[in-house]
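What's in model-v9.txt: compact mmCIF, C-alpha atoms and all ligand atoms
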```
# COMPACT_ATOMS: atom_id res chain seq x y z
CA MET A 171 0.96 103.27 101.26
CA TRP A 172 1.33 106.95 102.21
CA ALA A 173 2.25 109.19 99.28
CA HIS A 174 1.56 112.65 100.71
CA VAL A 175 1.24 114.41 104.04
CA GLY A 176 -2.53 114.58 103.82
CA GLN A 177 -2.72 110.89 104.71
CA PRO A 178 -2.38 110.50 108.49
CA PHE A 179 0.40 108.11 109.51
CA ALA A 180 0.14 106.79 113.07
CA GLU A 181 2.22 103.60 113.12
CA THR A 182 4.84 103.48 115.87
CA ALA A 183 6.70 100.17 115.61
CA TYR A 184 8.09 97.84 112.95
CA ASP A 185 10.31 94.81 112.85
CA VAL A 186 12.28 96.23 109.94
CA VAL A 187 12.52 99.74 108.51
CA VAL A 188 14.24 100.05 105.11
CA VAL A 189 15.50 103.58 104.40
CA GLY A 190 15.57 104.36 100.67
CA ALA A 191 13.55 102.81 97.84
CA GLY A 192 16.21 102.76 95.13
CA ARG A 193 16.69 99.35 93.59
CA MET A 194 18.79 98.10 96.51
CA GLY A 195 16.31 99.04 99.25
CA ALA A 196 13.21 98.22 97.23
CA PHE A 197 14.49 94.78 96.23
CA CYS A 198 15.64 94.03 99.78
CA ALA A 199 12.13 94.94 101.01
CA ARG A 200 10.51 92.71 98.40
CA GLU A 201 12.75 89.79 99.31
CA LEU A 202 12.06 90.32 103.02
CA ARG A 203 8.32 90.14 102.40
CA ARG A 204 8.85 86.92 100.45
CA LEU A 205 11.18 85.26 102.94
CA ALA A 206 9.73 86.52 106.24
CA PRO A 207 6.06 87.45 105.79
CA ALA A 208 5.58 87.59 109.56
CA LEU A 209 7.89 90.62 109.93
CA ARG A 210 6.23 94.04 109.93
CA LEU A 211 8.10 96.07 107.33
CA LEU A 212 8.21 99.77 106.45
CA LEU A 213 9.95 101.10 103.32
CA VAL A 214 10.68 104.86 103.44
CA GLU A 215 11.61 106.99 100.43
CA GLU A 216 12.55 110.66 100.46
CA GLY A 217 11.30 111.27 96.93
CA GLY A 218 8.92 109.49 94.61
CA LEU A 219 9.28 106.08 93.03
CA PRO A 220 11.77 105.90 91.49
CA ASN A 221 13.40 109.04 92.84
CA GLU A 222 14.55 111.16 89.90
CA GLU A 223 17.66 112.17 91.82
CA GLY A 224 18.79 108.71 92.93
CA ALA A 225 21.56 106.69 91.33
CA THR A 226 19.10 103.98 90.29
CA LEU A 227 17.28 105.98 87.65
CA LEU A 228 20.51 106.98 85.91
CA ALA A 229 22.41 103.72 86.27
CA PRO A 230 23.52 102.37 82.88
CA GLY A 231 21.20 99.36 83.07
CA VAL A 232 23.79 97.09 81.50
CA TRP A 233 24.33 93.54 82.74
CA SER A 234 27.52 91.88 81.50
CA ALA A 235 29.36 88.76 82.58
CA HIS A 236 32.53 90.78 81.90
CA ASP A 237 31.71 92.85 85.00
CA ALA A 238 31.08 89.97 87.42
CA PRO A 239 33.85 89.88 90.03
CA PRO A 240 35.79 86.57 90.14
CA GLY A 241 33.96 84.03 92.28
CA ARG A 242 30.65 85.92 92.12
CA GLU A 243 29.57 84.69 88.68
CA ALA A 244 26.66 82.60 89.97
CA GLU A 245 25.30 85.48 92.05
CA ALA A 246 25.58 87.77 89.02
CA ALA A 247 23.73 85.19 86.92
CA TRP A 248 20.98 85.09 89.57
CA THR A 249 20.71 88.89 89.40
CA ARG A 250 20.33 88.59 85.61
CA ALA A 251 17.63 85.94 85.98
CA GLN A 252 15.66 88.26 88.33
CA LEU A 253 15.89 91.08 85.79
CA ALA A 254 14.82 88.78 82.96
CA GLY A 255 11.74 87.41 84.64
CA PRO A 256 10.15 87.51 88.07
CA LEU A 257 10.40 91.26 88.65
CA GLY A 258 7.91 92.25 85.99
CA ASP A 259 8.61 94.41 82.95
CA VAL A 260 11.95 96.19 83.28
CA GLN A 261 12.43 96.40 79.49
CA PHE A 262 14.95 93.59 79.66
CA ARG A 263 16.65 93.08 76.31
CA ALA A 264 19.32 90.47 75.71
CA ALA A 265 21.95 92.20 73.56
CA PRO A 266 25.67 91.49 73.27
CA LEU A 267 28.26 93.77 74.85
CA VAL A 268 31.32 94.38 72.70
CA ARG A 269 34.51 95.45 74.44
CA LEU A 270 36.89 97.19 72.05
CA THR A 271 40.62 97.33 72.63
CA ALA A 272 43.86 98.34 70.90
CA GLN A 273 45.54 95.03 71.81
CA PRO A 274 44.10 91.52 71.45
CA THR A 275 42.53 90.04 74.60
CA PRO A 276 41.60 86.39 75.27
CA GLY A 277 38.88 85.36 72.83
CA SER A 278 38.86 88.66 70.94
CA ARG A 279 38.20 88.93 67.19
CA PRO A 280 38.79 91.65 64.63
CA THR A 281 36.42 94.58 65.29
CA ALA A 282 35.23 94.83 61.69
CA GLU A 283 34.23 91.16 61.80
CA ALA A 284 32.56 91.31 65.24
CA LEU A 285 30.49 94.35 64.26
CA ALA A 286 29.84 93.34 60.63
CA ALA A 287 26.11 92.96 61.33
CA HIS A 288 25.97 96.35 63.12
CA PRO A 289 27.15 99.09 60.71
CA GLU A 290 25.54 101.74 62.96
CA ALA A 291 27.86 100.68 65.81
CA LEU A 292 30.92 100.34 63.58
CA ALA A 293 30.27 103.86 62.26
CA LEU A 294 30.99 105.34 65.70
CA LEU A 295 34.51 103.91 65.83
CA ASP A 296 37.86 103.94 64.11
CA PRO A 297 38.51 100.19 63.74
CA ALA A 298 42.20 100.90 63.12
CA ALA A 299 42.48 102.43 66.61
CA LEU A 300 40.33 99.72 68.24
CA PRO A 301 41.04 96.65 66.09
CA TRP A 302 40.05 94.00 68.68
CA ALA A 303 36.61 93.11 69.97
CA GLN A 304 35.68 90.79 72.81
CA VAL A 305 31.99 89.89 72.73
CA ASP A 306 29.87 88.99 75.77
CA PRO A 307 26.89 87.20 74.17
CA ALA A 308 25.07 86.92 77.54
CA ALA A 309 24.92 90.67 78.15
CA ALA A 310 21.61 92.52 78.47
CA THR A 311 20.16 95.96 78.98
CA PHE A 312 17.23 96.97 81.20
CA ARG A 313 15.69 99.97 82.98
CA PRO A 314 17.01 100.24 86.55
CA GLY A 315 14.25 102.68 87.52
CA ALA A 316 11.66 100.06 86.65
CA VAL A 317 13.51 97.58 88.87
CA ALA A 318 13.02 99.88 91.88
CA LEU A 319 9.39 100.59 90.96
CA ASN A 320 8.43 96.96 90.37
CA ALA A 321 10.25 95.71 93.46
CA ALA A 322 8.62 98.33 95.71
CA GLN A 323 5.17 97.63 94.23
CA GLU A 324 5.67 93.92 94.78
CA ALA A 325 6.80 94.54 98.37
CA VAL A 326 3.60 96.51 98.98
CA ARG A 327 1.47 93.83 97.32
CA LEU A 328 3.10 91.33 99.68
CA GLY A 329 2.21 93.45 102.71
CA ALA A 330 4.96 96.05 103.22
CA ASP A 331 4.07 99.59 104.28
CA LEU A 332 5.50 102.34 102.04
CA LEU A 333 6.02 106.01 102.94
CA LEU A 334 6.93 108.30 100.05
CA ASN A 335 8.15 111.90 100.26
CA THR A 336 9.55 111.11 103.67
CA ARG A 337 13.11 111.52 104.87
CA ALA A 338 14.18 108.97 107.46
CA CYS A 339 16.85 109.78 110.02
CA PRO A 340 18.10 106.70 111.89
CA GLY A 341 19.18 107.35 115.47
CA GLY A 342 20.30 105.39 118.48
CA GLY A 343 18.29 102.49 119.90
CA GLY A 344 16.42 101.68 116.71
CA GLU A 345 14.50 104.96 116.69
CA VAL A 346 13.89 106.31 113.21
CA THR A 347 12.69 109.89 112.84
CA LEU A 348 10.43 110.30 109.83
CA GLU A 349 10.23 113.77 108.30
CA ARG A 350 7.22 113.94 106.03
CA LEU A 351 7.93 116.48 103.32
CA SER A 352 5.69 118.80 101.39
CA VAL A 353 6.27 121.55 98.85
CA THR A 354 5.22 125.18 99.39
CA ASN A 355 3.71 127.23 96.59
CA THR A 356 7.15 128.78 96.13
CA HIS A 357 8.57 125.27 95.44
CA GLU A 358 10.39 125.01 98.71
CA VAL A 359 10.59 121.54 100.27
CA VAL A 360 9.63 121.76 103.94
CA VAL A 361 9.15 119.28 106.77
CA HIS A 362 5.41 119.05 107.34
CA GLU A 363 5.52 116.75 110.35
CA ARG A 364 7.88 114.55 112.30
CA ARG A 365 7.10 111.07 113.58
CA VAL A 366 9.26 108.59 115.39
CA VAL A 367 8.98 104.85 114.83
CA ARG A 368 10.88 102.11 116.62
CA ALA A 369 12.44 99.32 114.63
CA ALA A 370 14.15 96.11 115.67
CA GLN A 371 16.26 96.31 112.50
CA VAL A 372 17.04 99.29 110.25
CA VAL A 373 18.43 98.86 106.74
CA ILE A 374 20.11 102.02 105.44
CA ALA A 375 19.78 101.73 101.65
CA ALA A 376 20.04 105.44 100.94
CA GLY A 377 22.49 105.20 98.04
CA ALA A 378 25.29 107.76 98.08
CA ALA A 379 23.73 109.37 101.17
CA GLY A 380 23.87 106.13 103.16
CA ALA A 381 27.35 106.42 104.62
CA ALA A 382 26.79 110.01 105.79
CA LEU A 383 23.40 109.06 107.27
CA ALA A 384 25.06 106.32 109.30
CA GLU A 385 27.91 108.58 110.37
CA HIS A 386 25.67 111.45 111.50
CA GLY A 387 22.84 109.41 112.97
CA LEU A 388 24.81 106.67 114.67
CA GLY A 389 28.24 108.16 115.14
CA VAL A 390 29.95 105.26 113.41
CA HIS A 391 32.75 105.69 110.93
CA THR A 392 32.63 104.03 107.52
CA ALA A 393 35.27 103.96 104.80
CA HIS A 394 32.81 104.38 101.92
CA GLY A 395 32.87 107.14 99.35
CA ARG A 396 30.79 108.56 96.56
CA ALA A 397 31.18 109.91 93.05
CA TYR A 398 29.05 112.08 90.78
CA ARG A 399 28.34 110.27 87.52
CA GLN A 400 26.94 112.01 84.46
CA SER A 401 25.23 110.19 81.59
CA PRO A 402 25.40 112.36 78.48
CA ARG A 403 23.63 111.42 75.23
CA LEU A 404 25.30 110.77 71.92
CA GLU A 405 22.83 111.46 69.12
CA GLU A 406 24.04 109.02 66.48
CA PRO A 407 21.65 106.40 65.12
CA SER A 408 21.20 103.10 66.97
CA THR A 409 18.68 100.32 66.38
CA GLU A 410 16.73 97.91 68.58
CA ALA A 411 19.38 95.29 67.77
CA SER A 412 22.50 97.42 68.40
CA PRO A 413 25.06 95.95 70.81
CA THR A 414 26.33 97.82 73.85
CA LEU A 415 29.88 99.05 73.25
CA ARG A 416 32.70 99.62 75.67
CA ALA A 417 35.99 101.38 74.94
CA GLY A 418 38.54 102.78 77.35
CA GLY A 419 36.14 102.40 80.29
CA LEU A 420 33.34 104.26 78.47
CA THR A 421 30.10 102.33 77.98
CA LEU A 422 27.86 103.28 75.06
CA ARG A 423 24.38 101.88 75.50
CA PRO A 424 21.92 101.98 72.60
CA GLN A 425 18.75 103.68 73.81
CA ALA A 426 15.83 105.52 72.20
CA GLY A 427 17.41 105.58 68.74
CA GLY A 428 20.70 107.08 69.99
CA TRP A 429 23.31 106.19 72.59
CA THR A 430 23.52 106.89 76.32
CA LEU A 431 27.06 107.15 77.63
CA ALA A 432 28.21 105.83 81.00
CA PRO A 433 31.68 107.26 81.60
CA ALA A 434 34.15 105.30 83.69
CA ILE A 435 34.44 106.17 87.36
CA TRP A 436 38.10 106.25 88.30
CA HIS A 437 38.01 107.40 91.92
CA ARG A 438 35.87 108.84 94.70
CA ASP A 439 35.08 112.54 94.71
CA PRO A 440 36.76 114.44 97.53
CA GLN A 441 34.76 115.36 100.63
CA GLY A 442 32.79 118.52 99.90
CA TYR A 443 33.09 118.29 96.11
CA VAL A 444 30.29 120.20 94.44
CA PRO A 445 29.56 119.07 90.86
CA GLY A 446 30.30 121.80 88.36
CA GLY A 447 30.57 122.07 84.58
CA GLY A 448 33.80 122.16 82.62
CA ALA A 449 34.91 124.08 79.55
CA LEU A 450 35.88 123.01 76.03
CA THR A 451 38.03 125.49 74.08
CA GLY A 452 36.81 128.17 76.46
CA VAL A 453 33.10 127.38 76.02
CA PRO A 454 31.31 126.31 79.23
CA THR A 455 29.87 122.79 79.25
CA GLY A 456 27.52 120.92 81.53
CA LEU A 457 29.90 117.95 81.48
CA ARG A 458 32.27 117.99 84.40
CA ARG A 459 35.92 118.50 83.57
CA GLU A 460 37.10 114.95 84.38
CA THR A 461 34.43 113.38 82.17
CA LEU A 462 35.15 115.83 79.38
CA GLU A 463 38.86 114.98 79.51
CA ASP A 464 38.06 111.26 79.29
CA LEU A 465 35.83 111.77 76.27
CA VAL A 466 38.35 114.03 74.54
CA ALA A 467 41.03 111.38 75.08
CA LEU A 468 38.75 108.85 73.33
CA MET A 469 37.88 111.03 70.33
CA ASP A 470 40.51 109.48 68.04
CA ALA A 471 39.31 105.94 68.75
CA VAL A 472 35.61 106.89 68.83
CA PRO A 473 35.39 109.76 66.30
CA ALA A 474 31.59 110.01 66.79
CA LEU A 475 32.33 111.72 70.12
CA ALA A 476 33.83 114.63 68.20
CA GLY A 477 31.03 114.81 65.65
CA GLY A 478 28.58 117.23 67.20
CA GLY A 479 26.15 114.57 68.44
CA LEU A 480 27.58 114.61 71.96
CA GLY A 481 25.32 116.39 74.48
CA LEU A 482 27.87 118.62 76.20
CA GLY A 483 25.22 120.94 77.62
CA ARG A 484 25.90 124.45 78.80
CA SER A 485 25.43 123.94 82.50
CA LEU A 486 25.22 121.05 84.93
CA SER A 487 21.43 120.82 84.73
CA ASP A 488 21.62 120.05 80.98
CA VAL A 489 23.36 116.71 81.54
CA PRO A 490 21.66 113.95 83.55
CA GLY A 491 23.79 113.00 86.53
CA ALA A 492 23.51 111.48 89.99
CA TRP A 493 25.56 110.69 93.07
CA LEU A 494 26.65 107.09 93.30
CA ALA A 495 27.88 105.25 96.39
CA LEU A 496 31.39 103.83 96.13
CA PRO A 497 31.73 100.87 98.51
CA HIS A 498 35.08 101.20 100.33
CA GLY A 499 35.62 104.33 98.24
CA ARG A 500 36.62 102.13 95.30
CA PRO A 501 35.04 102.24 91.85
CA ASP A 502 35.54 98.50 91.32
CA ALA A 503 34.15 97.26 94.65
CA PRO A 504 31.00 95.11 94.42
CA PRO A 505 27.75 96.04 96.18
CA LEU A 506 27.75 95.09 99.84
CA TRP A 507 25.90 95.05 103.11
CA GLN A 508 27.63 95.75 106.37
CA ARG A 509 26.42 95.55 109.96
CA LEU A 510 27.01 98.87 111.74
CA ASP A 511 25.71 97.79 115.15
CA GLU A 512 23.10 95.38 116.55
CA THR A 513 20.26 97.29 114.92
CA HIS A 514 21.60 98.94 111.77
CA THR A 515 22.84 97.55 108.45
CA LEU A 516 24.20 99.61 105.58
CA LEU A 517 23.29 98.38 102.07
CA LEU A 518 25.29 99.87 99.18
CA GLY A 519 24.89 99.38 95.44
CA GLY A 520 27.43 101.46 93.55
CA PRO A 521 29.03 100.96 90.13
CA LEU A 522 28.47 97.19 90.00
CA ALA A 523 24.84 97.27 91.15
CA ASP A 524 23.62 96.51 87.61
CA VAL A 525 25.47 93.19 87.69
CA LEU A 526 25.29 92.05 91.30
CA GLY A 527 22.95 94.39 93.19
CA LEU A 528 19.90 92.15 93.42
CA GLY A 529 21.95 89.20 94.65
CA VAL A 530 23.47 91.31 97.43
CA ALA A 531 20.10 92.83 98.43
CA HIS A 532 18.69 89.30 98.54
CA GLY A 533 21.60 88.19 100.73
CA LEU A 534 20.78 90.84 103.32
CA ALA A 535 17.07 89.97 103.27
CA ALA A 536 17.91 86.30 103.80
CA ALA A 537 20.21 87.18 106.72
CA LEU A 538 17.52 89.35 108.36
CA ALA A 539 14.88 86.69 107.75
CA GLY A 540 17.14 84.10 109.35
CA VAL A 541 17.09 81.81 106.32
CA PRO A 542 20.45 80.61 105.01
CA GLU A 543 19.17 80.97 101.48
CA ARG A 544 21.74 81.39 98.72
CA PRO A 545 19.63 80.43 95.72
CA TRP A 546 22.58 80.69 93.33
CA ALA A 547 24.74 78.17 95.22
CA PRO A 548 25.03 74.74 93.60
CA ALA A 549 22.68 72.20 95.25
P1 LIG B 601 20.84 102.37 95.21
O1 LIG B 601 21.41 102.01 93.86
O2 LIG B 601 21.76 102.02 96.34
O3 LIG B 601 19.47 101.86 95.43
P2 LIG B 601 19.80 105.10 94.88
O4 LIG B 601 20.51 106.40 95.01
O5 LIG B 601 19.14 104.82 93.60
O6 LIG B 601 20.87 103.98 95.25
O7 LIG B 601 18.70 104.92 96.00
C1 LIG B 601 18.76 105.49 97.23
C2 LIG B 601 17.39 106.03 97.55
O8 LIG B 601 17.38 106.42 98.91
C3 LIG B 601 17.03 107.24 96.72
O9 LIG B 601 15.81 106.99 96.10
C4 LIG B 601 16.95 108.36 97.74
O10 LIG B 601 15.91 109.28 97.46
C5 LIG B 601 16.64 107.62 99.02
N1 LIG B 601 17.09 108.30 100.24
C6 LIG B 601 18.29 108.89 100.48
N2 LIG B 601 18.36 109.39 101.71
C7 LIG B 601 17.16 109.10 102.30
C8 LIG B 601 16.59 109.35 103.60
N3 LIG B 601 17.29 109.98 104.56
N4 LIG B 601 15.34 108.93 103.83
C9 LIG B 601 14.62 108.29 102.87
N5 LIG B 601 15.10 108.02 101.66
C10 LIG B 601 16.35 108.42 101.36
```
Can you give me the file's structure in the form of structure tokens?
Amino acid sequence: MWAHVGQPFAETAYDVVVVGAGRMGAFCARELRRLAPALRLLLVEEGGLPNEEGATLLAPGVWSAHDAPPGREAEAAWTRAQLAGPLGDVQFRAAPLVRLTAQPTPGSRPTAEALAAHPEALALLDPAALPWAQVDPAAATFRPGAVALNAAQEAVRLGADLLLNTRACPGGGGEVTLERLSVTNTHEVVVHERRVVRAAQVVIAAGAAGAALAEHGLGVHTAHGRAYRQSPRLEEPSTEASPTLRAGGLTLRPQAGGWTLAPAIWHRDPQGYVPGGGALTGVPTGLRRETLEDLVALMDAVPALAGGGLGLGRSLSDVPGAWLALPHGRPDAPPLWQRLDETHTLLLGGPLADVLGLGVAHGLAAALAGVPERPWAPA
């Protein structure tokens, strides 16, 4: 493992290079080491582990059967089983998810009844505006950053090489340029040295940057998009036993005695969009305008959003946020891998990575390892 530029790196060839150690890349690397221990494998990450700017660290960390796309239920269940056990401690907590609606849905019950044991959750809502509750008893919460960390550590334990603070630039013919980064005493990130390694296979698992990396480095066109997702806090009491709530596309996850919000993503951000804050009654906020509008629209149904506990921030840096890949540019598309040419494969997580990401990363590892393994398929 090479963490900083002081450690000389002289390797020149690998069977597989995985670009990006978010949860998708890290888990794919771990599975590759498990399934094909003979392959020489390098995992490259631009930041640390987990990268504080990646989508992984700020993903909601909510698994729910409600989110599994039709026909992919078994793969989603396999992803849940990985989170619950073999990956090591990811603070997995089985806790129901309660979806609240104005109209009854199949299997829904009155909200007041469904949340009777959770007054702290009921207190956030107006049950008259959201009278119906559909409960997913199999739901769970976990820490996505710990998934990336544990998976990468396991990959290294199983024999993978890991380069941190290194930007990888895939190019033609399986050449990958590695830019090892360091920080000057004026906090500027600079390229300390460049190395080129050859790889028989390159997995581009660079999150929201993946599609652009493929387009620039390989000259291929992809139809994928990205969106900037913010996760503001709502400081209203929650307990260890609180359920996750969902209303109007907004997910409220109990965390650290309060709630972390995961706003819905409705569409891709336009090319060149630069995240910026919005304004509420003329006062600047760190929440972007679209997110603010969504939350304002929900304030009647979820009065706690209007109660002063919502972390609006004053500028963008006050509200945690990250770029998220949108497979096919769609907010509802599942994670995927896609062959770009004989050497390169793009691996994307995106909005459904919490539910299905590990299954998809496993699928790519199995394909590269040449094993037809689909462990979730019925025997
Ligand atoms: P995912 O959910 O797909 O894993 P993330 O955004 O969490 O998405 O992970 C992508 C990771 O890839 C981030 O940790 C990011 O720092 C890393 N990354 C992005 N571009 C590069 C690059 N050119 N070289 C190395 N790592 C990269």
Subject >> atom CA of A:Arg269 to atom CA of A:Val232, straight-line distance in Å >> reply: 12.9 Å
Subject >> A:Asn320, A:Gln273, A:Thr347, A:Thr281 ranked by distance to ligand LIG 601 (chain B), top pick (using all atoms listed in the file) >> reply: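 Among the listed residues, A:Thr347 lies closest to ligand LIG 601 (chain B).
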Original post:
Skipping near chain neighbours, those fewer than 6 positions away, what residues fall within 8 Å of A:Asp439 using only C-alpha atoms, listed as a count of residues only?
Top reply: 4
Chain A residues near ligand LIG 601 (chain B) within 7 Å, closest pair each, using all atoms listed in the file, as a Markdown table:
```
| residue | atom | partner | partner_atom | distance |
| --- | --- | --- | --- | --- |
| A:Val189 | CA | B:LIG601 | C9 | 5.0 |
| A:Gly190 | CA | B:LIG601 | O8 | 3.3 |
| A:Ala191 | CA | B:LIG601 | C2 | 5.0 |
| A:Gly192 | CA | B:LIG601 | O3 | 3.4 |
| A:Arg193 | CA | B:LIG601 | O3 | 4.2 |
| A:Met194 | CA | B:LIG601 | O3 | 4.0 |
| A:Gly195 | CA | B:LIG601 | O3 | 5.7 |
| A:Val214 | CA | B:LIG601 | C9 | 5.3 |
| A:Glu215 | CA | B:LIG601 | N5 | 3.8 |
| A:Glu216 | CA | B:LIG601 | N5 | 3.9 |
| A:Gly217 | CA | B:LIG601 | O10 | 5.0 |
| A:Pro220 | CA | B:LIG601 | O9 | 6.2 |
| A:Asn221 | CA | B:LIG601 | O9 | 4.5 |
| A:Glu223 | CA | B:LIG601 | O10 | 6.6 |
| A:Gly224 | CA | B:LIG601 | O4 | 3.6 |
| A:Ala225 | CA | B:LIG601 | O5 | 3.8 |
| A:Thr226 | CA | B:LIG601 | O5 | 3.4 |
| A:Leu227 | CA | B:LIG601 | O5 | 6.3 |
| A:Thr336 | CA | B:LIG601 | C9 | 5.9 |
| A:Arg337 | CA | B:LIG601 | N4 | 3.6 |
| A:Ala338 | CA | B:LIG601 | N4 | 3.8 |
| A:Cys339 | CA | B:LIG601 | N3 | 5.5 |
| A:Ala375 | CA | B:LIG601 | O2 | 5.7 |
| A:Ala376 | CA | B:LIG601 | O8 | 3.5 |
| A:Gly377 | CA | B:LIG601 | O6 | 3.4 |
| A:Ala378 | CA | B:LIG601 | O4 | 5.8 |
| A:Ala379 | CA | B:LIG601 | N2 | 5.4 |
| A:Gly380 | CA | B:LIG601 | N2 | 6.6 |
| A:Leu383 | CA | B:LIG601 | N3 | 6.7 |
| A:Trp493 | CA | B:LIG601 | O4 | 6.9 |
| A:Leu494 | CA | B:LIG601 | O4 | 6.4 |
| A:Ala495 | CA | B:LIG601 | O2 | 6.9 |
| A:Leu517 | CA | B:LIG601 | O2 | 7.0 |
| A:Leu518 | CA | B:LIG601 | O2 | 5.0 |
| A:Gly519 | CA | B:LIG601 | O2 | 4.2 |
| A:Gly520 | CA | B:LIG601 | O1 | 6.1 |
| A:Ala523 | CA | B:LIG601 | O1 | 6.4 |
```
**OP:** Work out how far apart atom CA of A:Asp502 and atom CA of A:Pro239 are and give it in Å to one decimal.
**Re:** 8.9 Å
**OP:** Name the residues in contact with A:Arg210 at a cut-off of 7 Å, using all atoms listed in the file, excluding same-chain residues fewer than 5 positions from it; report them as number ranges by chain.
**Re:** A: 184-186
Original post:
Which residues, written as an MDAnalysis selection string, have at least one atom at most 8 Å from stretch 429-432 of chain A, with all atoms listed in the file counted and residues fewer than 3 positions away on the same chain left out?
Top reply: chainID A and resid 230 399:408 420:426
Subject >> Spatial neighbours of A:Trp546, 7 Å, only C-alpha atoms, chain gap at least 6 places, as a list in words >> reply: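 Residues near the query, excluding close chain neighbours: Ala244, Glu245 and Trp248 of chain A.
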Subject >> A:Leu253, A:Leu506, A:Ala303, A:Ala183 ranked by distance to A:Pro276, top pick (using all atoms listed in the file) >> reply: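 Under the stated criterion, the closest residue is A:Ala303.
Those residues that approach A:Ala173 to within 7 Å, counting all atoms listed in the file, are A:Leu333, A:Leu334, A:Asn335; same-chain residues fewer than 4 positions away are not listed.
Rounded to one decimal, atom CA of A:Gly529 and atom CA of A:Ala247 lie 8.9 Å from each other.
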Subject >> Point (32.6, 96.4, 72.5), cut-off 12 Å, counting only C-alpha atoms, residues as a PyMOL selection string >> reply: chain A and resi 234+236+265-272+275+278-282+284-285+288+291-292+294-295+297+300-307+309+412-423+472
Would you mind exporting C-alpha atoms of the selected residues as a compact mmCIF listing (two decimals), in the coordinates of the input?
```txt
# COMPACT_ATOMS: atom_id res chain seq x y z
CA SER A 234 27.52 91.88 81.50
CA HIS A 236 32.53 90.78 81.90
CA ALA A 265 21.95 92.20 73.56
CA PRO A 266 25.67 91.49 73.27
CA LEU A 267 28.26 93.77 74.85
CA VAL A 268 31.32 94.38 72.70
CA ARG A 269 34.51 95.45 74.44
CA LEU A 270 36.89 97.19 72.05
CA THR A 271 40.62 97.33 72.63
CA ALA A 272 43.86 98.34 70.90
CA THR A 275 42.53 90.04 74.60
CA SER A 278 38.86 88.66 70.94
CA ARG A 279 38.20 88.93 67.19
CA PRO A 280 38.79 91.65 64.63
CA THR A 281 36.42 94.58 65.29
CA ALA A 282 35.23 94.83 61.69
CA ALA A 284 32.56 91.31 65.24
CA LEU A 285 30.49 94.35 64.26
CA HIS A 288 25.97 96.35 63.12
CA ALA A 291 27.86 100.68 65.81
CA LEU A 292 30.92 100.34 63.58
CA LEU A 294 30.99 105.34 65.70
CA LEU A 295 34.51 103.91 65.83
CA PRO A 297 38.51 100.19 63.74
CA LEU A 300 40.33 99.72 68.24
CA PRO A 301 41.04 96.65 66.09
CA TRP A 302 40.05 94.00 68.68
CA ALA A 303 36.61 93.11 69.97
CA GLN A 304 35.68 90.79 72.81
CA VAL A 305 31.99 89.89 72.73
CA ASP A 306 29.87 88.99 75.77
CA PRO A 307 26.89 87.20 74.17
CA ALA A 309 24.92 90.67 78.15
CA SER A 412 22.50 97.42 68.40
CA PRO A 413 25.06 95.95 70.81
CA THR A 414 26.33 97.82 73.85
CA LEU A 415 29.88 99.05 73.25
CA ARG A 416 32.70 99.62 75.67
CA ALA A 417 35.99 101.38 74.94
CA GLY A 418 38.54 102.78 77.35
CA GLY A 419 36.14 102.40 80.29
CA LEU A 420 33.34 104.26 78.47
CA THR A 421 30.10 102.33 77.98
CA LEU A 422 27.86 103.28 75.06
CA ARG A 423 24.38 101.88 75.50
CA VAL A 472 35.61 106.89 68.83
```
Original post:
Which residue, A:Ala246, A:Ala476, A:Ala411, A:Cys198, has the smallest gap to A:Leu534 when you use only C-alpha atoms?
Top reply: A:Cys198
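Between A:Phe197 and the residues A:Pro440, A:Gly446, A:Pro314, A:Pro548, the shortest atom-to-atom distance, using all atoms listed in the file, involves A:Pro314.
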Subject >> Nearest candidate to A:Leu202 (options A:Leu475, A:Ala330, A:Val359, A:Ala434; using only C-alpha atoms) >> reply: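 The shortest atom-to-atom distance to A:Leu202 comes from A:Ala330.
The residue that comes closest to A:Arg242, out of A:Ala536, A:Thr515, A:Gly427, A:Pro505 and on the basis of only C-alpha atoms, is A:Pro505.
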Please, what is the axis-aligned box for every listed atom of stretch 220-224 of chain A with 3 Å on each side, as centre and edge lengths in Å to one decimal, as JSON?
```
{"center_x": 15.3, "center_y": 109.0, "center_z": 91.4, "size_x": 13.0, "size_y": 12.3, "size_z": 9.0}
```
Since the input lacks some atoms of stretch 274-280 of chain A, please model N, CA and C atoms and print them as a JSON list (two decimals), keeping the file's coordinate frame.
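The file below, result-v8.json, is the result:
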```json
[["chain", "number", "residue", "atom", "x", "y", "z"],
["A", 274, "PRO", "N", 44.98, 92.70, 71.33],
["A", 274, "PRO", "CA", 44.10, 91.52, 71.45],
["A", 274, "PRO", "C", 43.96, 91.08, 72.90],
["A", 275, "THR", "N", 42.78, 90.60, 73.26],
["A", 275, "THR", "CA", 42.53, 90.04, 74.60],
["A", 275, "THR", "C", 42.04, 88.61, 74.39],
["A", 276, "PRO", "N", 42.02, 87.79, 75.45],
["A", 276, "PRO", "CA", 41.60, 86.39, 75.27],
["A", 276, "PRO", "C", 40.23, 86.32, 74.60],
["A", 277, "GLY", "N", 40.16, 85.56, 73.52],
["A", 277, "GLY", "CA", 38.88, 85.36, 72.83],
["A", 277, "GLY", "C", 38.45, 86.51, 71.94],
["A", 278, "SER", "N", 39.32, 87.52, 71.75],
["A", 278, "SER", "CA", 38.86, 88.66, 70.94],
["A", 278, "SER", "C", 38.99, 88.34, 69.44],
["A", 279, "ARG", "N", 38.21, 89.09, 68.64],
["A", 279, "ARG", "CA", 38.20, 88.93, 67.19],
["A", 279, "ARG", "C", 38.41, 90.30, 66.56],
["A", 280, "PRO", "N", 38.68, 90.34, 65.27],
["A", 280, "PRO", "CA", 38.79, 91.65, 64.63],
["A", 280, "PRO", "C", 37.47, 92.44, 64.75]]
```
